[in-house]
$ cat data_14.cif   # mmCIF, C-alpha atoms
data_run
#
loop_
_atom_site.label_atom_id
_atom_site.label_comp_id
_atom_site.auth_asym_id
_atom_site.auth_seq_id
_atom_site.Cartn_x
_atom_site.Cartn_y
_atom_site.Cartn_z
CA SER A 1 0.00 0.00 0.00
CA GLN A 2 1.08 3.54 -0.54
CA GLU A 3 2.60 5.35 2.40
CA LEU A 4 3.22 9.02 2.92
CA GLU A 5 5.91 10.26 5.25
CA GLN A 6 5.67 13.83 6.46
CA SER A 7 8.52 15.76 7.97
CA PRO A 8 8.94 17.28 10.37
CA GLN A 9 6.31 15.83 12.71
CA SER A 10 6.10 19.14 14.51
CA LEU A 11 7.48 22.60 13.99
CA ILE A 12 7.64 25.71 16.16
CA VAL A 13 8.52 28.96 14.45
CA GLN A 14 8.56 32.62 15.31
CA GLU A 15 6.03 34.82 13.57
CA GLY A 16 7.45 36.17 10.34
CA LYS A 17 9.75 33.22 9.67
CA ASN A 18 9.57 31.00 6.60
CA LEU A 19 9.09 27.26 6.88
CA THR A 20 8.85 24.12 4.75
CA ILE A 21 6.95 20.88 5.28
CA ASN A 22 7.78 17.83 3.20
CA CYS A 23 5.71 14.88 2.09
CA THR A 24 7.42 11.83 0.58
CA SER A 25 5.62 8.93 -1.04
CA SER A 26 6.68 5.31 -1.29
CA LYS A 27 5.01 5.11 -4.71
CA THR A 28 4.39 7.31 -7.70
CA LEU A 29 2.21 10.28 -6.93
CA TYR A 30 -0.77 10.67 -9.23
CA GLY A 31 -2.37 13.49 -7.33
CA LEU A 32 -1.19 15.18 -4.16
CA TYR A 33 -3.45 17.15 -1.84
CA TRP A 34 -2.56 19.49 0.98
CA TYR A 35 -5.02 20.12 3.78
CA LYS A 36 -4.93 22.11 7.00
CA GLN A 37 -6.72 21.00 10.15
CA LYS A 38 -7.42 22.77 13.39
CA TYR A 39 -7.26 20.27 16.23
CA GLY A 40 -10.38 18.11 16.37
CA GLU A 41 -12.01 19.79 13.39
CA GLY A 42 -12.48 19.05 9.72
CA LEU A 43 -9.87 19.47 7.01
CA ILE A 44 -9.58 22.64 5.00
CA PHE A 45 -8.51 22.13 1.41
CA LEU A 46 -5.39 24.10 0.50
CA MET A 47 -4.09 22.87 -2.84
CA MET A 48 -4.00 19.96 -5.22
CA LEU A 49 -1.04 19.12 -7.43
CA GLN A 50 -1.17 16.73 -10.34
CA LYS A 51 1.78 17.07 -12.64
CA GLY A 52 5.45 16.65 -11.97
CA GLY A 53 7.07 20.01 -11.49
CA GLU A 54 3.75 21.69 -10.79
CA GLU A 55 3.75 24.58 -8.36
CA LYS A 56 0.75 26.38 -6.89
CA SER A 57 0.44 29.33 -4.57
CA HIS A 58 -2.33 30.73 -2.43
CA GLU A 59 -1.61 33.82 -0.41
CA LYS A 60 1.61 33.01 1.45
CA ILE A 61 1.51 29.26 0.92
CA THR A 62 3.28 27.57 -1.99
CA ALA A 63 3.21 23.87 -2.79
CA LYS A 64 5.38 21.99 -5.27
CA LEU A 65 5.27 18.47 -6.63
CA ASP A 66 8.50 16.80 -7.59
CA GLU A 67 7.25 13.70 -9.31
CA LYS A 68 10.69 12.20 -9.88
CA LYS A 69 11.40 12.26 -6.19
CA GLN A 70 7.86 11.29 -5.32
CA GLN A 71 7.86 14.25 -3.01
CA SER A 72 5.91 17.39 -2.38
CA SER A 73 6.79 20.40 -0.28
CA LEU A 74 4.64 23.06 1.32
CA HIS A 75 6.32 26.39 1.94
CA ILE A 76 4.91 29.18 4.08
CA THR A 77 6.41 32.62 3.74
CA ALA A 78 6.35 35.12 6.60
CA SER A 79 4.35 32.87 8.90
CA GLN A 80 1.51 34.25 11.01
CA PRO A 81 -0.32 32.83 14.05
CA SER A 82 -3.26 32.10 11.73
CA HIS A 83 -1.08 29.54 9.95
CA ALA A 84 -0.91 27.39 13.07
CA GLY A 85 -2.52 23.97 12.82
CA ILE A 86 -1.93 20.49 11.48
CA TYR A 87 -0.89 20.18 7.86
CA LEU A 88 -1.75 16.95 6.12
CA CYS A 89 -0.72 15.67 2.73
CA GLY A 90 -2.96 13.17 0.97
CA ALA A 91 -2.35 11.16 -2.16
CA GLU A 92 -4.57 9.29 -4.53
CA VAL A 93 -4.11 5.56 -4.25
CA GLY A 94 -3.27 3.96 -7.57
CA GLY A 95 -4.77 6.82 -9.51
CA SER A 96 -8.11 6.55 -7.73
CA ASN A 97 -9.07 10.06 -6.73
CA TYR A 98 -11.84 9.02 -4.40
CA LYS A 99 -9.58 7.08 -2.07
CA LEU A 100 -6.90 9.13 -0.41
CA THR A 101 -4.12 7.95 1.82
CA PHE A 102 -2.76 10.54 4.25
CA GLY A 103 0.46 11.30 6.03
CA LYS A 104 0.45 11.53 9.82
CA GLY A 105 0.52 15.30 9.69
CA THR A 106 2.81 18.13 10.74
CA LEU A 107 1.83 20.21 13.75
CA LEU A 108 2.78 23.83 13.20
CA THR A 109 2.97 26.32 16.05
CA VAL A 110 3.62 29.96 15.29
CA ASN A 111 4.69 32.08 18.23
CA PRO A 112 3.82 35.76 18.10
CA LYS B 1 -23.15 26.96 -1.13
CA ALA B 2 -23.40 25.25 2.22
CA GLY B 3 -20.48 23.04 3.13
CA VAL B 4 -20.44 19.42 4.16
CA THR B 5 -22.45 18.87 7.32
CA GLN B 6 -22.14 16.01 9.76
CA THR B 7 -24.43 15.04 12.60
CA PRO B 8 -24.13 14.60 15.44
CA ARG B 9 -20.93 16.49 16.23
CA TYR B 10 -20.30 14.58 19.44
CA LEU B 11 -21.41 11.16 20.58
CA ILE B 12 -20.74 9.04 23.64
CA LYS B 13 -21.53 5.34 23.54
CA THR B 14 -20.64 2.26 25.54
CA ARG B 15 -18.99 -0.91 24.33
CA GLY B 16 -21.29 -3.25 22.48
CA GLN B 17 -23.67 -0.56 21.32
CA GLN B 18 -24.10 0.52 17.75
CA VAL B 19 -23.99 4.00 16.27
CA THR B 20 -25.11 5.75 13.10
CA LEU B 21 -23.42 8.87 11.80
CA SER B 22 -24.82 11.10 9.09
CA CYS B 23 -23.21 13.18 6.37
CA SER B 24 -24.83 15.66 3.99
CA PRO B 25 -22.57 16.53 1.06
CA ILE B 26 -22.30 19.81 -0.76
CA SER B 27 -25.26 20.31 -3.05
CA GLY B 28 -24.56 18.67 -6.40
CA HIS B 29 -21.80 16.41 -5.11
CA ARG B 30 -22.47 12.75 -5.71
CA SER B 31 -19.41 11.21 -4.10
CA VAL B 32 -19.12 10.82 -0.34
CA SER B 33 -16.09 9.32 1.40
CA TRP B 34 -15.68 8.42 5.05
CA TYR B 35 -12.46 8.54 7.07
CA GLN B 36 -11.50 7.63 10.62
CA GLN B 37 -8.93 9.76 12.40
CA THR B 38 -7.13 8.62 15.54
CA PRO B 39 -3.95 9.89 17.20
CA GLY B 40 -2.18 6.59 16.61
CA GLN B 41 -3.21 5.69 13.06
CA GLY B 42 -3.91 9.12 11.66
CA LEU B 43 -6.48 9.54 8.93
CA GLN B 44 -7.64 6.28 7.37
CA PHE B 45 -10.04 5.68 4.51
CA LEU B 46 -13.19 3.75 5.36
CA PHE B 47 -15.28 3.69 2.19
CA GLU B 48 -16.62 5.80 -0.64
CA TYR B 49 -20.06 5.98 -2.22
CA PHE B 50 -21.10 7.35 -5.56
CA SER B 51 -24.69 7.35 -6.76
CA GLU B 52 -25.73 5.00 -3.95
CA THR B 53 -23.03 2.44 -4.80
CA GLN B 54 -19.99 1.64 -2.72
CA ARG B 55 -17.04 1.98 -5.06
CA ASN B 56 -14.17 1.38 -2.71
CA LYS B 57 -13.57 0.14 0.81
CA GLY B 58 -10.67 0.45 3.20
CA ASN B 59 -9.27 -2.16 5.54
CA PHE B 60 -11.83 -2.07 8.30
CA PRO B 61 -13.85 -4.93 9.80
CA GLY B 62 -17.39 -5.65 8.69
CA ARG B 63 -18.71 -3.88 11.79
CA PHE B 64 -18.23 -0.70 9.79
CA SER B 65 -20.81 -0.23 7.09
CA GLY B 66 -22.35 2.59 5.17
CA ARG B 67 -24.92 3.57 2.64
CA GLN B 68 -25.89 6.45 0.45
CA PHE B 69 -29.33 7.69 -0.35
CA SER B 70 -30.72 9.00 -3.62
CA ASN B 71 -30.19 12.59 -2.45
CA SER B 72 -26.47 11.76 -1.93
CA ARG B 73 -26.70 11.96 1.85
CA SER B 74 -24.73 9.19 3.46
CA GLU B 75 -24.74 7.32 6.73
CA MET B 76 -22.16 5.10 8.32
CA ASN B 77 -22.91 2.54 10.97
CA VAL B 78 -20.64 0.91 13.47
CA SER B 79 -22.01 -2.12 15.27
CA THR B 80 -20.75 -3.77 18.45
CA LEU B 81 -18.64 -0.78 19.41
CA GLU B 82 -15.16 -1.32 20.81
CA LEU B 83 -13.01 1.08 22.81
CA GLY B 84 -10.69 1.38 19.81
CA ASP B 85 -13.50 2.84 17.72
CA SER B 86 -13.19 6.10 19.61
CA ALA B 87 -12.14 8.55 16.94
CA LEU B 88 -13.03 11.55 14.86
CA TYR B 89 -15.07 10.40 11.87
CA LEU B 90 -14.85 12.65 8.88
CA CYS B 91 -16.78 12.59 5.67
CA ALA B 92 -15.81 14.31 2.47
CA SER B 93 -17.76 15.07 -0.66
CA SER B 94 -16.58 15.53 -4.19
CA SER B 95 -18.27 16.45 -7.42
CA TYR B 96 -16.23 13.80 -9.21
CA SER B 97 -17.13 13.87 -12.85
CA GLY B 98 -13.97 12.09 -13.89
CA GLY B 99 -10.39 13.16 -13.55
CA TYR B 100 -9.12 14.73 -10.39
CA ASN B 101 -11.44 16.44 -7.97
CA GLU B 102 -10.80 17.95 -4.60
CA GLN B 103 -12.56 16.50 -1.60
CA PHE B 104 -14.29 18.89 0.79
CA PHE B 105 -14.42 17.71 4.37
CA GLY B 106 -17.06 18.17 7.01
CA PRO B 107 -16.32 19.15 10.63
CA GLY B 108 -16.43 15.55 11.80
CA THR B 109 -18.25 13.53 14.45
CA ARG B 110 -16.28 12.88 17.62
CA LEU B 111 -17.20 9.41 18.87
CA THR B 112 -16.19 8.33 22.36
CA VAL B 113 -16.70 4.71 23.37
CA LEU B 114 -16.67 4.01 27.11
#
$ encode --input "data_14.cif" --output "structure tokens"
Amino acid sequence: SQELEQSPQSLIVQEGKNLTINCTSSKTLYGLYWYKQKYGEGLIFLMMLQKGGEEKSHEKITAKLDEKKQQSSLHITASQPSHAGIYLCGAEVGGSNYKLTFGKGTLLTVNP
Amino acid sequence: KAGVTQTPRYLIKTRGQQVTLSCSPISGHRSVSWYQQTPGQGLQFLFEYFSETQRNKGNFPGRFSGRQFSNSRSEMNVSTLELGDSALYLCASSSYSGGYNEQFFGPGTRLTVL
């Protein structure tokens, strides 16, 4: 089965600092999703990447998909307390986009 | 458009009981997926329904079942509850008309089994 490894597991940064979260797959990535979750709540969709080399940005968050490395990265520029939460990457299993496998998540804390 | 809604938001049950959770997808979405989230295992896929048919199922025992109605609303049922079933149950809906489609998640139902 496909597995996703996220690193780091947790991250504490000072407000205004940049940070990167990585998501590495044991198999080829057909579609990679990034979600944000506040503890105990539902997931908020951030971005979806499909093609190798694809890069998408939304406000201060940028995600890239390196298909050759079977890896995706999520970069936050000038972090703010509102960025705090759990970031999860999800991947389509065997090209099936209605069955996602998820990483364990990265807990981000942003200190003001 | 209203988002994905789940009811109830919180539930406390005892071992051996059964429970039914409900999910109403975004209007127009025909695909509903269910996930279980626990601190130890993370987020795990349970099953997915499209047009009242189960298209895919995760690795969960038969105690976990689901269904989808003609209006796309979905329910999942867990029978003979065990302590390990305590989790946040999330459903997600997708328009899925082929190709890649983002899944929109509901707020979840927090189930506690005593």
$ residues_around --input "data_14.cif" --residues "Phe45 of chain B" --least-positions-apart "2" --cutoff "7 Å" --atoms "all atoms listed in the file" --output "PyMOL selection string"
(chain A and resi 99-101) or (chain B and resi 34-36+43+47+58)
$ write_last_selection --input "data_14.cif" --atoms "C-alpha atoms" --output "compact mmCIF listing (two decimals), keeping the file's coordinate frame"
# COMPACT_ATOMS: atom_id res chain seq x y z
CA LYS A 99 -9.58 7.08 -2.07
CA LEU A 100 -6.90 9.13 -0.41
CA THR A 101 -4.12 7.95 1.82
CA TRP B 34 -15.68 8.42 5.05
CA TYR B 35 -12.46 8.54 7.07
CA GLN B 36 -11.50 7.63 10.62
CA LEU B 43 -6.48 9.54 8.93
CA PHE B 47 -15.28 3.69 2.19
CA GLY B 58 -10.67 0.45 3.20
$ resolve_selection --input "data_14.cif" --expression "the PyMOL selection byres ((chain A and resi 50-59) around 9)" --output "PyMOL selection string"
(chain A and resi 29-33+46-49+60-68+70) or (chain B and resi 100)
$ write_last_selection --input "data_14.cif" --atoms "C-alpha atoms" --output "mmCIF file, in the coordinates of the input"
data_model
loop_
_atom_site.group_PDB
_atom_site.id
_atom_site.type_symbol
_atom_site.label_atom_id
_atom_site.label_comp_id
_atom_site.auth_asym_id
_atom_site.auth_seq_id
_atom_site.Cartn_x
_atom_site.Cartn_y
_atom_site.Cartn_z
ATOM 1 C CA LEU A 29 2.210 10.280 -6.930
ATOM 2 C CA TYR A 30 -0.770 10.670 -9.230
ATOM 3 C CA GLY A 31 -2.370 13.490 -7.330
ATOM 4 C CA LEU A 32 -1.190 15.180 -4.160
ATOM 5 C CA TYR A 33 -3.450 17.150 -1.840
ATOM 6 C CA LEU A 46 -5.390 24.100 0.500
ATOM 7 C CA MET A 47 -4.090 22.870 -2.840
ATOM 8 C CA MET A 48 -4.000 19.960 -5.220
ATOM 9 C CA LEU A 49 -1.040 19.120 -7.430
ATOM 10 C CA LYS A 60 1.610 33.010 1.450
ATOM 11 C CA ILE A 61 1.510 29.260 0.920
ATOM 12 C CA THR A 62 3.280 27.570 -1.990
ATOM 13 C CA ALA A 63 3.210 23.870 -2.790
ATOM 14 C CA LYS A 64 5.380 21.990 -5.270
ATOM 15 C CA LEU A 65 5.270 18.470 -6.630
ATOM 16 C CA ASP A 66 8.500 16.800 -7.590
ATOM 17 C CA GLU A 67 7.250 13.700 -9.310
ATOM 18 C CA LYS A 68 10.690 12.200 -9.880
ATOM 19 C CA GLN A 70 7.860 11.290 -5.320
ATOM 20 C CA TYR B 100 -9.120 14.730 -10.390
#
$ resolve_selection --input "data_14.cif" --expression "the PyMOL selection byres ((chain A and resi 9) around 8)" --output "ChimeraX atom specification"
/A:6-8,10-11,104-107
$ residues_around --input "data_14.cif" --residues "Ser31 of chain B" --least-positions-apart "3" --cutoff "8 Å" --atoms "all atoms listed in the file" --output "PyMOL selection string"
(chain A and resi 98) or (chain B and resi 48-51+72+93-96)
$ write_last_selection --input "data_14.cif" --atoms "C-alpha atoms" --output "PDB file, keeping the file's coordinate frame"
ATOM      1  CA  TYR A  98     -11.840   9.020  -4.400  1.00  0.00           C
TER       2      TYR A  98
ATOM      3  CA  GLU B  48     -16.620   5.800  -0.640  1.00  0.00           C
ATOM      4  CA  TYR B  49     -20.060   5.980  -2.220  1.00  0.00           C
ATOM      5  CA  PHE B  50     -21.100   7.350  -5.560  1.00  0.00           C
ATOM      6  CA  SER B  51     -24.690   7.350  -6.760  1.00  0.00           C
ATOM      7  CA  SER B  72     -26.470  11.760  -1.930  1.00  0.00           C
ATOM      8  CA  SER B  93     -17.760  15.070  -0.660  1.00  0.00           C
ATOM      9  CA  SER B  94     -16.580  15.530  -4.190  1.00  0.00           C
ATOM     10  CA  SER B  95     -18.270  16.450  -7.420  1.00  0.00           C
ATOM     11  CA  TYR B  96     -16.230  13.800  -9.210  1.00  0.00           C
TER      12      TYR B  96
END
$ resolve_selection --input "data_14.cif" --expression "the PyMOL selection byres ((chain B) within 12 of (chain A))" --output "PyMOL selection string"
chain B and resi 3-6+9-10+30-50+54-59+87-111
$ atom_distance --input "data_14.cif" --atom1 "atom CA of Ser27 of chain B" --atom2 "atom CA of Leu11 of chain B"
25.6 Å
$ atom_distance --input "data_14.cif" --atom1 "atom CA of Asn18 of chain A" --atom2 "atom CA of Glu5 of chain A"
21.1 Å
$ atom_distance --input "data_14.cif" --atom1 "atom CA of Ser79 of chain A" --atom2 "atom CA of Ile12 of chain A"
10.7 Å
$ closest_residue --input "data_14.cif" --among "B:Met76, B:Ala2, B:Leu81, B:Val113" --to "Ser22 of chain B" --atoms "all atoms listed in the file"
B:Met76
$ closest_residue --input "data_14.cif" --among "B:Val19, B:Leu83, B:Val78, B:Ile12" --to "Pro61 of chain B" --atoms "all atoms listed in the file"
B:Val78
$ residues_around --input "data_14.cif" --residues "Thr80 of chain B" --least-positions-apart "6" --cutoff "12 Å" --atoms "only C-alpha atoms" --output "ChimeraX atom specification"
/B:13-20,61-65,113
